[in-house]
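K.L.:
File final-v9.tsv follows (TSV, C-alpha atoms and all ligand atoms):
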chain	number	residue	atom	x	y	z
A	1	MET	CA	4.44	-10.96	-46.74
A	2	GLY	CA	7.81	-11.36	-45.05
A	3	VAL	CA	10.50	-13.96	-45.56
A	4	ASP	CA	9.21	-17.52	-45.58
A	5	ASN	CA	10.56	-20.79	-46.96
A	6	GLN	CA	8.68	-20.49	-50.27
A	7	GLY	CA	11.68	-18.96	-52.04
A	8	ALA	CA	15.39	-18.55	-51.36
A	9	ARG	CA	16.02	-15.22	-49.67
A	10	ARG	CA	19.08	-13.33	-48.48
A	11	LEU	CA	19.30	-12.85	-44.72
A	12	LEU	CA	21.84	-10.65	-42.94
A	13	VAL	CA	22.20	-11.98	-39.39
A	14	THR	CA	24.09	-9.93	-36.79
A	15	GLY	CA	25.59	-11.77	-33.82
A	16	GLY	CA	25.51	-15.11	-35.62
A	17	ALA	CA	28.63	-16.35	-33.82
A	18	GLY	CA	26.86	-16.14	-30.45
A	19	PHE	CA	24.59	-18.62	-28.71
A	20	ILE	CA	21.18	-17.86	-30.28
A	21	GLY	CA	22.59	-16.40	-33.52
A	22	GLY	CA	24.68	-19.55	-34.01
A	23	ALA	CA	21.63	-21.79	-33.54
A	24	LEU	CA	19.74	-19.58	-36.01
A	25	VAL	CA	22.49	-19.65	-38.65
A	26	ARG	CA	22.95	-23.44	-38.39
A	27	HIS	CA	19.17	-23.90	-38.66
A	28	LEU	CA	18.92	-21.58	-41.70
A	29	ILE	CA	21.63	-23.41	-43.60
A	30	ARG	CA	20.42	-26.89	-42.56
A	31	GLU	CA	16.67	-26.45	-42.91
A	32	THR	CA	15.92	-23.58	-45.33
A	33	PRO	CA	16.98	-22.49	-48.84
A	34	HIS	CA	18.07	-19.02	-47.65
A	35	ALA	CA	21.53	-17.47	-48.05
A	36	VAL	CA	23.07	-16.05	-44.88
A	37	LEU	CA	25.59	-13.29	-44.25
A	38	ASN	CA	26.70	-13.53	-40.63
A	39	VAL	CA	28.08	-10.22	-39.32
A	40	ASP	CA	29.82	-10.59	-35.97
A	41	ALA	CA	32.59	-8.71	-34.13
A	42	LEU	CA	33.72	-11.93	-32.38
A	43	THR	CA	33.76	-10.58	-28.84
A	44	TYR	CA	34.54	-13.03	-26.02
A	45	ALA	CA	30.98	-14.38	-26.59
A	46	GLY	CA	31.32	-15.01	-30.31
A	47	ASN	CA	32.99	-18.14	-31.56
A	48	ARG	CA	33.36	-19.44	-35.09
A	49	ASP	CA	33.85	-22.94	-33.67
A	50	SER	CA	30.10	-22.95	-33.12
A	51	LEU	CA	29.61	-22.59	-36.87
A	52	ALA	CA	31.94	-25.36	-38.04
A	53	GLU	CA	29.06	-27.28	-39.65
A	54	VAL	CA	28.17	-24.36	-41.97
A	55	GLU	CA	31.65	-22.97	-42.73
A	56	GLY	CA	32.38	-23.43	-46.42
A	57	HIS	CA	28.71	-23.90	-47.34
A	58	GLU	CA	27.87	-22.09	-50.58
A	59	ARG	CA	24.90	-20.25	-49.00
A	60	TYR	CA	26.91	-19.04	-45.97
A	61	ARG	CA	29.25	-16.07	-45.62
A	62	PHE	CA	30.93	-14.60	-42.56
A	63	SER	CA	32.05	-11.02	-42.07
A	64	HIS	CA	34.17	-10.10	-39.05
A	65	THR	CA	32.58	-6.68	-38.58
A	66	ASP	CA	31.41	-4.54	-35.71
A	67	ILE	CA	27.83	-3.25	-36.07
A	68	ARG	CA	29.02	0.09	-34.68
A	69	GLU	CA	31.03	0.68	-37.89
A	70	ALA	CA	28.51	2.52	-40.07
A	71	ARG	CA	30.62	2.50	-43.21
A	72	SER	CA	31.27	-1.25	-43.06
A	73	MET	CA	27.60	-1.96	-42.44
A	74	ARG	CA	26.68	0.26	-45.40
A	75	ARG	CA	29.06	-1.63	-47.65
A	76	LEU	CA	27.83	-5.06	-46.48
A	77	LEU	CA	24.19	-4.11	-47.03
A	78	ALA	CA	24.94	-2.76	-50.51
A	79	GLU	CA	26.99	-5.81	-51.51
A	80	PHE	CA	24.84	-8.56	-49.99
A	81	ARG	CA	21.45	-6.93	-50.73
A	82	PRO	CA	19.51	-8.71	-47.97
A	83	ASP	CA	15.75	-9.29	-47.98
A	84	ALA	CA	15.86	-9.04	-44.19
A	85	VAL	CA	18.14	-8.11	-41.31
A	86	LEU	CA	17.93	-10.30	-38.20
A	87	HIS	CA	19.58	-8.33	-35.44
A	88	LEU	CA	20.95	-10.42	-32.57
A	89	ALA	CA	24.38	-8.84	-31.96
A	90	ALA	CA	24.54	-7.58	-28.40
A	91	GLU	CA	26.38	-7.62	-25.15
A	92	SER	CA	24.15	-10.09	-23.37
A	93	HIS	CA	25.37	-10.94	-19.87
A	94	VAL	CA	23.67	-9.13	-16.97
A	95	ASP	CA	26.59	-9.65	-14.57
A	96	ARG	CA	29.06	-8.14	-17.05
A	97	SER	CA	26.73	-5.15	-17.50
A	98	ILE	CA	26.94	-4.50	-13.76
A	99	ASP	CA	30.76	-4.52	-13.77
A	100	ALA	CA	31.32	-2.66	-17.07
A	101	PRO	CA	28.21	-1.11	-18.67
A	102	ALA	CA	29.93	0.95	-21.40
A	103	ASP	CA	29.98	-1.75	-24.10
A	104	PHE	CA	26.29	-2.40	-23.42
A	105	VAL	CA	25.52	1.19	-24.33
A	106	THR	CA	27.79	1.38	-27.35
A	107	THR	CA	26.81	-1.99	-28.86
A	108	ASN	CA	23.20	-2.49	-27.76
A	109	VAL	CA	22.05	1.12	-28.06
A	110	VAL	CA	24.43	2.96	-30.41
A	111	GLY	CA	25.12	-0.18	-32.48
A	112	THR	CA	21.40	-0.76	-32.95
A	113	PHE	CA	20.94	2.90	-33.89
A	114	THR	CA	23.78	2.64	-36.44
A	115	LEU	CA	22.26	-0.48	-37.95
A	116	LEU	CA	18.82	1.18	-38.13
A	117	GLU	CA	20.30	4.17	-39.94
A	118	GLU	CA	22.13	2.03	-42.47
A	119	ALA	CA	19.26	-0.42	-42.92
A	120	THR	CA	16.83	2.45	-43.51
A	121	ALA	CA	19.03	4.06	-46.17
A	122	TYR	CA	19.45	0.66	-47.87
A	123	TRP	CA	15.71	-0.13	-47.64
A	124	ARG	CA	14.82	3.22	-49.22
A	125	SER	CA	17.13	2.48	-52.13
A	126	LEU	CA	15.32	-0.77	-53.00
A	127	PRO	CA	12.90	-1.18	-55.90
A	128	GLU	CA	9.25	-1.15	-54.81
A	129	ALA	CA	8.65	-4.94	-54.66
A	130	GLU	CA	11.82	-5.57	-52.63
A	131	ARG	CA	11.09	-2.62	-50.38
A	132	ARG	CA	7.68	-4.06	-49.56
A	133	ARG	CA	9.17	-7.45	-48.73
A	134	PHE	CA	12.06	-6.16	-46.58
A	135	ARG	CA	12.00	-6.78	-42.80
A	136	PHE	CA	14.16	-5.66	-39.89
A	137	LEU	CA	13.75	-8.22	-37.10
A	138	HIS	CA	15.05	-7.00	-33.75
A	139	ILE	CA	15.65	-9.71	-31.16
A	140	SER	CA	15.13	-8.62	-27.57
A	141	THR	CA	14.53	-9.95	-24.11
A	142	ASP	CA	11.85	-10.10	-21.43
A	143	GLU	CA	14.31	-8.40	-19.05
A	144	VAL	CA	13.15	-5.02	-20.40
A	145	PHE	CA	9.93	-5.46	-18.38
A	146	GLY	CA	11.62	-5.58	-14.96
A	147	SER	CA	10.44	-7.98	-12.30
A	148	LEU	CA	7.14	-9.77	-11.71
A	149	GLY	CA	5.74	-10.61	-8.29
A	150	ALA	CA	4.47	-14.09	-7.50
A	151	THR	CA	1.74	-14.01	-10.17
A	152	GLY	CA	1.06	-12.64	-13.66
A	153	ALA	CA	3.12	-12.71	-16.87
A	154	PHE	CA	4.72	-10.28	-19.30
A	155	SER	CA	3.01	-9.66	-22.62
A	156	GLU	CA	3.40	-7.28	-25.57
A	157	THR	CA	1.61	-4.53	-23.63
A	158	THR	CA	3.61	-4.70	-20.39
A	159	PRO	CA	5.23	-1.32	-19.61
A	160	TYR	CA	9.03	-1.23	-19.71
A	161	ASP	CA	10.78	-1.12	-16.32
A	162	PRO	CA	14.36	-2.41	-16.76
A	163	SER	CA	16.52	-3.13	-13.69
A	164	SER	CA	20.07	-3.92	-14.93
A	165	PRO	CA	22.30	-1.94	-17.29
A	166	TYR	CA	21.84	-4.84	-19.77
A	167	ALA	CA	18.04	-4.60	-19.57
A	168	ALA	CA	18.15	-0.80	-19.84
A	169	SER	CA	20.32	-0.99	-22.96
A	170	LYS	CA	17.99	-3.50	-24.62
A	171	ALA	CA	14.96	-1.39	-23.64
A	172	ALA	CA	16.55	1.66	-25.27
A	173	ALA	CA	17.30	-0.35	-28.41
A	174	ASP	CA	13.69	-1.64	-28.58
A	175	HIS	CA	12.40	1.94	-28.38
A	176	PHE	CA	14.72	3.07	-31.18
A	177	VAL	CA	13.58	0.20	-33.40
A	178	ARG	CA	9.89	1.04	-32.86
A	179	ALA	CA	10.60	4.74	-33.43
A	180	TRP	CA	12.21	3.92	-36.81
A	181	HIS	CA	8.97	2.20	-37.78
A	182	ARG	CA	6.71	5.03	-36.65
A	183	THR	CA	8.90	7.85	-37.92
A	184	TYR	CA	10.47	6.45	-41.09
A	185	GLY	CA	8.17	3.53	-41.88
A	186	LEU	CA	10.96	0.91	-41.67
A	187	PRO	CA	9.16	-2.49	-41.60
A	188	VAL	CA	10.41	-3.69	-38.22
A	189	LEU	CA	9.40	-6.66	-36.10
A	190	VAL	CA	10.35	-6.85	-32.41
A	191	THR	CA	10.51	-10.01	-30.31
A	192	ASN	CA	10.95	-10.19	-26.54
A	193	CYS	CA	11.97	-13.66	-25.46
A	194	SER	CA	12.48	-15.35	-22.11
A	195	ASN	CA	15.69	-17.13	-20.98
A	196	ASN	CA	17.13	-19.47	-23.58
A	197	TYR	CA	19.17	-22.61	-22.93
A	198	GLY	CA	20.74	-25.29	-25.09
A	199	PRO	CA	24.02	-26.31	-26.76
A	200	TYR	CA	26.81	-23.79	-27.47
A	201	GLN	CA	25.81	-21.33	-24.72
A	202	PHE	CA	28.81	-19.49	-23.33
A	203	PRO	CA	29.60	-21.08	-19.96
A	204	GLU	CA	29.06	-17.94	-17.88
A	205	LYS	CA	25.27	-18.43	-18.08
A	206	LEU	CA	23.49	-20.45	-15.38
A	207	ILE	CA	22.99	-23.87	-16.96
A	208	PRO	CA	26.37	-24.44	-18.67
A	209	LEU	CA	28.18	-22.83	-15.72
A	210	MET	CA	26.60	-25.33	-13.33
A	211	ILE	CA	27.33	-28.29	-15.60
A	212	LEU	CA	31.02	-27.38	-15.96
A	213	LYS	CA	31.50	-26.52	-12.29
A	214	ALA	CA	29.86	-29.78	-11.23
A	215	LEU	CA	32.11	-31.78	-13.55
A	216	ALA	CA	35.12	-29.94	-12.08
A	217	GLU	CA	33.87	-30.80	-8.54
A	218	GLU	CA	33.67	-27.08	-7.71
A	219	PRO	CA	30.99	-25.38	-5.57
A	220	LEU	CA	27.82	-24.56	-7.54
A	221	PRO	CA	27.17	-20.87	-6.78
A	222	VAL	CA	23.45	-20.15	-6.46
A	223	TYR	CA	22.57	-16.45	-6.01
A	224	GLY	CA	20.62	-15.57	-2.84
A	225	ARG	CA	18.36	-18.49	-1.89
A	226	GLY	CA	17.90	-19.60	-5.49
A	227	GLU	CA	14.29	-18.41	-5.45
A	228	ASN	CA	14.46	-16.26	-8.60
A	229	VAL	CA	12.19	-17.60	-11.30
A	230	ARG	CA	13.02	-17.66	-15.01
A	231	ASP	CA	10.86	-18.91	-17.90
A	232	TRP	CA	13.14	-21.29	-19.83
A	233	LEU	CA	12.92	-21.85	-23.58
A	234	TYR	CA	14.99	-24.30	-25.61
A	235	VAL	CA	17.05	-22.31	-28.13
A	236	GLU	CA	15.75	-24.24	-31.19
A	237	ASP	CA	12.20	-23.29	-30.19
A	238	HIS	CA	13.31	-19.64	-30.11
A	239	VAL	CA	14.85	-20.00	-33.58
A	240	ARG	CA	11.59	-21.42	-34.95
A	241	ALA	CA	9.67	-18.58	-33.31
A	242	LEU	CA	11.95	-15.97	-34.94
A	243	LEU	CA	11.50	-17.50	-38.40
A	244	THR	CA	7.73	-17.64	-37.84
A	245	VAL	CA	7.69	-13.94	-36.94
A	246	LEU	CA	9.89	-13.13	-39.94
A	247	ALA	CA	7.56	-15.01	-42.30
A	248	ALA	CA	4.18	-13.97	-40.95
A	249	GLY	CA	4.56	-11.17	-38.40
A	250	THR	CA	2.98	-7.79	-39.08
A	251	PRO	CA	5.49	-4.91	-39.44
A	252	GLY	CA	5.43	-2.61	-36.42
A	253	GLU	CA	4.20	-5.42	-34.15
A	254	THR	CA	5.89	-6.97	-31.13
A	255	TYR	CA	5.77	-10.66	-30.25
A	256	ALA	CA	6.49	-12.03	-26.77
A	257	ILE	CA	8.13	-15.46	-26.97
A	258	GLY	CA	8.20	-17.93	-24.12
A	259	GLY	CA	7.85	-21.61	-23.39
A	260	ARG	CA	5.62	-21.59	-20.29
A	261	GLY	CA	8.65	-23.12	-18.58
A	262	GLU	CA	8.91	-21.34	-15.23
A	263	ARG	CA	11.46	-22.75	-12.78
A	264	THR	CA	13.32	-21.35	-9.78
A	265	ASN	CA	17.07	-21.18	-10.24
A	266	LEU	CA	17.48	-23.70	-7.43
A	267	ASP	CA	15.15	-26.15	-9.20
A	268	VAL	CA	17.18	-25.76	-12.40
A	269	VAL	CA	20.49	-26.40	-10.61
A	270	ARG	CA	19.04	-29.41	-8.78
A	271	GLN	CA	17.76	-30.83	-12.04
A	272	VAL	CA	21.18	-30.39	-13.66
A	273	CYS	CA	22.68	-32.26	-10.67
A	274	ARG	CA	20.19	-35.11	-10.93
A	275	LEU	CA	20.85	-35.53	-14.66
A	276	LEU	CA	24.59	-35.58	-14.04
A	277	ASP	CA	24.11	-38.10	-11.20
A	278	GLU	CA	22.42	-40.32	-13.75
A	279	VAL	CA	24.76	-39.97	-16.73
A	280	ARG	CA	28.10	-39.13	-15.06
A	281	PRO	CA	27.88	-40.32	-11.38
A	282	ARG	CA	30.50	-38.97	-9.00
A	283	ARG	CA	33.13	-41.22	-7.56
A	284	GLY	CA	31.92	-42.16	-4.07
A	285	GLY	CA	28.28	-41.98	-5.13
A	286	THR	CA	27.18	-38.70	-3.46
A	287	SER	CA	24.93	-36.43	-5.49
A	288	TYR	CA	26.28	-33.33	-7.24
A	289	GLU	CA	23.62	-31.50	-5.19
A	290	SER	CA	26.05	-31.52	-2.24
A	291	LEU	CA	28.17	-28.99	-4.23
A	292	ILE	CA	25.36	-26.36	-4.16
A	293	SER	CA	26.55	-23.26	-2.33
A	294	PHE	CA	24.45	-20.13	-1.74
A	295	VAL	CA	26.34	-16.89	-2.51
A	296	PRO	CA	25.39	-13.20	-2.06
A	297	ASP	CA	22.65	-12.19	-4.47
A	298	ARG	CA	23.19	-10.21	-7.70
A	299	PRO	CA	22.50	-6.48	-7.11
A	300	GLY	CA	19.09	-5.54	-8.54
A	301	HIS	CA	18.26	-9.22	-9.17
A	302	ASP	CA	14.73	-9.42	-10.64
A	303	LEU	CA	12.62	-11.93	-8.71
A	304	ARG	CA	10.53	-13.46	-11.45
A	305	TYR	CA	10.14	-13.42	-15.23
A	306	ALA	CA	7.35	-15.18	-17.10
A	307	ILE	CA	6.04	-14.69	-20.62
A	308	ASP	CA	2.48	-15.03	-21.81
A	309	PRO	CA	3.04	-16.21	-25.42
A	310	ALA	CA	-0.71	-16.17	-26.29
A	311	LYS	CA	-0.31	-13.66	-29.14
A	312	ILE	CA	2.34	-15.54	-31.14
A	313	GLU	CA	0.51	-18.82	-30.47
A	314	ARG	CA	-2.86	-17.46	-31.57
A	315	GLU	CA	-1.87	-15.16	-34.44
A	316	LEU	CA	1.12	-16.98	-35.92
A	317	GLY	CA	0.57	-20.57	-34.79
A	318	TRP	CA	3.95	-20.98	-33.07
A	319	LYS	CA	4.21	-23.01	-29.89
A	320	ALA	CA	7.21	-24.19	-27.88
A	321	SER	CA	7.78	-27.86	-28.63
A	322	VAL	CA	10.61	-28.99	-26.34
A	323	PRO	CA	9.67	-29.69	-22.69
A	324	PHE	CA	12.26	-28.38	-20.22
A	325	GLU	CA	13.13	-31.87	-18.92
A	326	VAL	CA	13.88	-33.05	-22.46
A	327	GLY	CA	15.83	-29.97	-23.55
A	328	LEU	CA	17.87	-29.97	-20.35
A	329	ARG	CA	18.80	-33.62	-20.83
A	330	TRP	CA	19.99	-32.88	-24.40
A	331	THR	CA	21.91	-29.85	-23.14
A	332	VAL	CA	23.70	-31.70	-20.34
A	333	GLN	CA	24.63	-34.47	-22.76
A	334	TRP	CA	25.89	-31.91	-25.31
A	335	TYR	CA	28.23	-30.32	-22.76
A	336	LEU	CA	29.49	-33.76	-21.74
A	337	ASP	CA	30.18	-34.59	-25.40
A	338	ASN	CA	31.76	-31.23	-26.27
A	339	ARG	CA	34.31	-30.53	-23.57
A	340	ASP	CA	36.83	-29.43	-26.21
A	341	TRP	CA	34.45	-26.65	-27.39
A	342	CYS	CA	34.12	-25.49	-23.77
A	343	GLU	CA	37.87	-25.50	-23.31
A	344	ARG	CA	38.40	-23.51	-26.51
A	345	VAL	CA	35.84	-20.82	-25.68
A	346	LEU	CA	37.18	-20.58	-22.15
A	347	SER	CA	40.77	-20.23	-23.31
A	348	GLY	CA	40.29	-16.42	-23.33
A	349	ALA	CA	40.11	-14.27	-20.21
A	350	TYR	CA	37.02	-15.77	-18.57
A	351	ARG	CA	37.56	-18.71	-16.20
A	352	LEU	CA	34.12	-19.42	-14.71
A	353	GLU	CA	34.71	-16.77	-12.04
A	354	ARG	CA	32.01	-14.74	-10.29
A	355	LEU	CA	31.04	-11.54	-12.14
A	356	GLY	CA	28.48	-8.86	-11.42
A	357	LEU	CA	29.11	-7.86	-7.83
A	358	GLY	CA	29.29	-4.25	-8.94
A	359	ARG	CA	32.25	-2.11	-9.84
A	360	GLU	CA	33.47	-1.74	-6.25
A	361	GLY	CA	33.22	-5.38	-5.32
A	362	SER	CA	34.03	-7.17	-8.57
A	363	ALA	CA	35.76	-10.46	-8.06
B	401	LIG	P1	25.68	-13.96	-27.05
B	401	LIG	O1	26.36	-13.08	-26.06
B	401	LIG	O2	25.88	-15.44	-26.95
B	401	LIG	O3	26.09	-13.53	-28.53
B	401	LIG	C1	26.18	-12.20	-28.92
B	401	LIG	C2	26.96	-12.14	-30.24
B	401	LIG	O4	27.01	-10.76	-30.65
B	401	LIG	C3	28.40	-12.63	-30.11
B	401	LIG	O5	28.71	-13.49	-31.18
B	401	LIG	C4	29.23	-11.34	-30.19
B	401	LIG	O6	30.51	-11.55	-30.77
B	401	LIG	C5	28.34	-10.47	-31.07
B	401	LIG	N1	28.59	-9.04	-30.85
B	401	LIG	C6	28.66	-8.37	-29.67
B	401	LIG	N2	28.92	-7.07	-29.89
B	401	LIG	C7	28.98	-6.90	-31.24
B	401	LIG	C8	29.19	-5.78	-32.09
B	401	LIG	N3	29.41	-4.55	-31.59
B	401	LIG	N4	29.18	-5.96	-33.44
B	401	LIG	C9	28.97	-7.20	-33.97
B	401	LIG	N5	28.77	-8.30	-33.20
B	401	LIG	C10	28.78	-8.15	-31.86
B	401	LIG	O7	24.12	-13.59	-26.95
B	401	LIG	P2	22.85	-14.54	-27.14
B	401	LIG	O8	22.50	-15.15	-25.84
B	401	LIG	O9	23.02	-15.37	-28.35
B	401	LIG	O10	21.74	-13.41	-27.43
B	401	LIG	C11	21.49	-12.96	-28.76
B	401	LIG	C12	20.43	-11.89	-28.73
B	401	LIG	O11	19.23	-12.40	-28.15
B	401	LIG	C13	20.82	-10.67	-27.90
B	401	LIG	O12	20.36	-9.53	-28.55
B	401	LIG	C14	20.09	-10.87	-26.59
B	401	LIG	O13	19.80	-9.63	-25.98
B	401	LIG	C15	18.84	-11.59	-27.04
B	401	LIG	N6	18.22	-12.49	-26.08
B	401	LIG	C16	18.96	-13.44	-25.42
B	401	LIG	C17	18.32	-14.32	-24.53
B	401	LIG	C18	19.09	-15.41	-23.81
B	401	LIG	O14	18.52	-16.07	-22.95
B	401	LIG	N7	20.34	-15.67	-24.14
B	401	LIG	C19	16.95	-14.20	-24.31
B	401	LIG	C20	16.23	-13.23	-25.01
B	401	LIG	C21	16.87	-12.39	-25.90
Please re-express this file's structure in C-alpha cells.
P.N.:
Amino acid sequence: MGVDNQGARRLLVTGGAGFIGGALVRHLIRETPHAVLNVDALTYAGNRDSLAEVEGHERYRFSHTDIREARSMRRLLAEFRPDAVLHLAAESHVDRSIDAPADFVTTNVVGTFTLLEEATAYWRSLPEAERRRFRFLHISTDEVFGSLGATGAFSETTPYDPSSPYAASKAAADHFVRAWHRTYGLPVLVTNCSNNYGPYQFPEKLIPLMILKALAEEPLPVYGRGENVRDWLYVEDHVRALLTVLAAGTPGETYAIGGRGERTNLDVVRQVCRLLDEVRPRRGGTSYESLISFVPDRPGHDLRYAIDPAKIERELGWKASVPFEVGLRWTVQWYLDNRDWCERVLSGAYRLERLGLGREGSA
C-alpha cells in the first residue's frame, strides 16, 4: 500500500516550484491532508510566486536546495522523515538542452543518482512498517521513447530511443531509478507522461509562448511546417495521475500517462489564436492567425508522440478528465488574467527569444 488520502502522510517533492511540481504542491495542500516539503533550487524555471496560495500553510515547507547536494538532501530526509519522495526536479526544456546540455546531465542524471543514493540510505534506516510503506516516485516523459511514425502509440514496453539531450538525460535517469529497484529493492514507481499544459507554465513552452507573443503582436514562430504531433494533457490531470500511482501503483512498475489528446503544433497554435480572437480581439479585427510564421525546424525534432494510457486506466482506474478544448480555454484565460506573473518570471534573462538552434547557431 502506498500513500493515499486515508491518513496524513509526509511527502518530499523535488522541483515543486516548477510548472508540474507547483500544480502538485498546490493540489496536495488544497485537496489532501498530507504535509509537503518542497525542495527546489529555484533555477530560471522555478518560481515561488507560483506557490503564493500555499506559502505560510502549516502543512507546507520550502527548502531552497539543489538535489545535487548529497549532504543537504541527507539532512532534509533525516529531518522531514518523508513517507514518499516525488521527484520532479529537472532541467526540462528541449531547446535549452540543445544549446547547453551540461545542466541536463548534472541535474537530471547525476542529481537523480544523488537523490536515489540518499533516499535508499534513508529508506534502509526506517522501521519495518515505514519501510514497507515508503515510495520513490520518479516523474518522467514520453520523450525517452523517441519518435513515432504516423500510427501507433508509446506504452510501458516501448524501447527507449531518445533524440534530444533532454530526452537522453531523462532516459538515463529512468534507467538508474529502475536499477535501484532491481539492485537494492528501493520501492520505486516510474511514470512517463506526454506534454502537459495549463496555468503557471514557463513562457518558453509552446502554448504560453504563443499566447504572450500574440498579445504582444509579435510573429508566432512555428517550427518547420507545424506538423509535429504532441499528445496534450492538462496539468491537473497529470497531478491526479501521479497521486493515483503513488497510492495504488505496484513498486517496480512503470505507468504511461496520457490524455489521448493528439494535435499537430499548427492546430494548437491556431486554436490559441481562435480563443484569443474570441476573448481578446485584435484592433482592426484580423485574426491572430495572421501572425503565424514558419521558422527553421528544431534539430532532431521528433515527428510524433502519443501515449497509450490503457495500463493506468485499467489497473488503477485513472482517466484524463479535461478535454483539450476546455483546458486550453482555461489556460488562455489564466494567462490573460495573470500578466503580472508572466512579467515577473520573465524579468530574468529569458525574453521569449528563439532557443535550440544548436550551439553554433544559437540566437
Ligand atoms: P519545470 O522546468 O517547470 O520545473 C523544474 C523545477 O525543477 C524548477 O522549479 C527548477 O527550479 C527545479 N530544479 C531544476 N534543477 C534543480 C536542481 N538541481 N535541484 C533542485 N531543483 C531543481 O519542469 P516541469 O515542466 O514542471 O517538469 C517537471 C518534471 O516532469 C520534469 O522531471 C520533467 O522531465 C517531467 N515532465 C514534464 C512534462 C511537461 O510537459 N512539462 C511532461 C512529462 C514529464
K.L.:
Mind dumping a table of every stretch 67-98 of chain A residue within 8 Å of stretch 142-165 of chain A, with the nearest atom pair and its distance in Å to one decimal, using all atoms listed in the file, sorted by chain and rising number, as a Markdown table?
P.N.:
| residue | atom | partner | partner_atom | distance |
| --- | --- | --- | --- | --- |
| A:Val94 | CA | A:Ser164 | CA | 6.7 |
| A:Ser97 | CA | A:Pro165 | CA | 5.5 |
| A:Ile98 | CA | A:Pro165 | CA | 6.4 |
K.L.:
How would the residues just picked look written out with C-alpha atoms as a short mmCIF file (atom, residue, chain, number, x, y, z; two decimals), in the frame of the given file?
P.N.:
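Result file is result-v4.cif:
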data_model
loop_
_atom_site.label_atom_id
_atom_site.label_comp_id
_atom_site.auth_asym_id
_atom_site.auth_seq_id
_atom_site.Cartn_x
_atom_site.Cartn_y
_atom_site.Cartn_z
CA VAL A 94 23.67 -9.13 -16.97
CA SER A 97 26.73 -5.15 -17.50
CA ILE A 98 26.94 -4.50 -13.76
#
K.L.:
Excluding stretch 81-87 of chain A and any residue of its chain fewer than 2 positions from it, enumerate the residues within 6 Å of it, using all atoms listed in the file, and give them as a list in words.
P.N.:
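With the cut-off at 6 Å, the set is Arg10, Leu11, Leu12, Val13, Thr14, Leu77, Ala78, Glu79, Ala89, Phe134, Arg135, Phe136, Leu137, His138 and Ile139 of chain A.
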K.L.:
For each of A:Lys205, A:His57, A:Arg132, A:Arg182, take the minimum atom-to-atom distance to ligand LIG 401 (chain B), counting all atoms listed in the file, then give the residue where this is smallest.
P.N.:
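Once distances to ligand LIG 401 (chain B) are computed over all atoms listed in the file, the minimum belongs to A:Lys205.
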K.L.:
Given only C-alpha atoms as the basis, pick out the residue of A:Leu355, A:Leu266, A:Val322, A:Leu220 nearest to A:Val235.
P.N.:
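Closest candidate: A:Val322.
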K.L.:
For the atom pair atom CA of A:Thr32 and atom CA of A:Leu316, what is the interatomic distance in Å to one decimal place?
P.N.:
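Between atom CA of A:Thr32 and atom CA of A:Leu316 the gap is 18.7 Å.
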K.L.:
In terms of the shortest atom-to-atom distance over all atoms listed in the file, which of A:Leu116, A:Pro309, A:Ala100, A:Glu217 is closest to A:Ser287?
P.N.:
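Closest to A:Ser287 of all the choices is A:Glu217.
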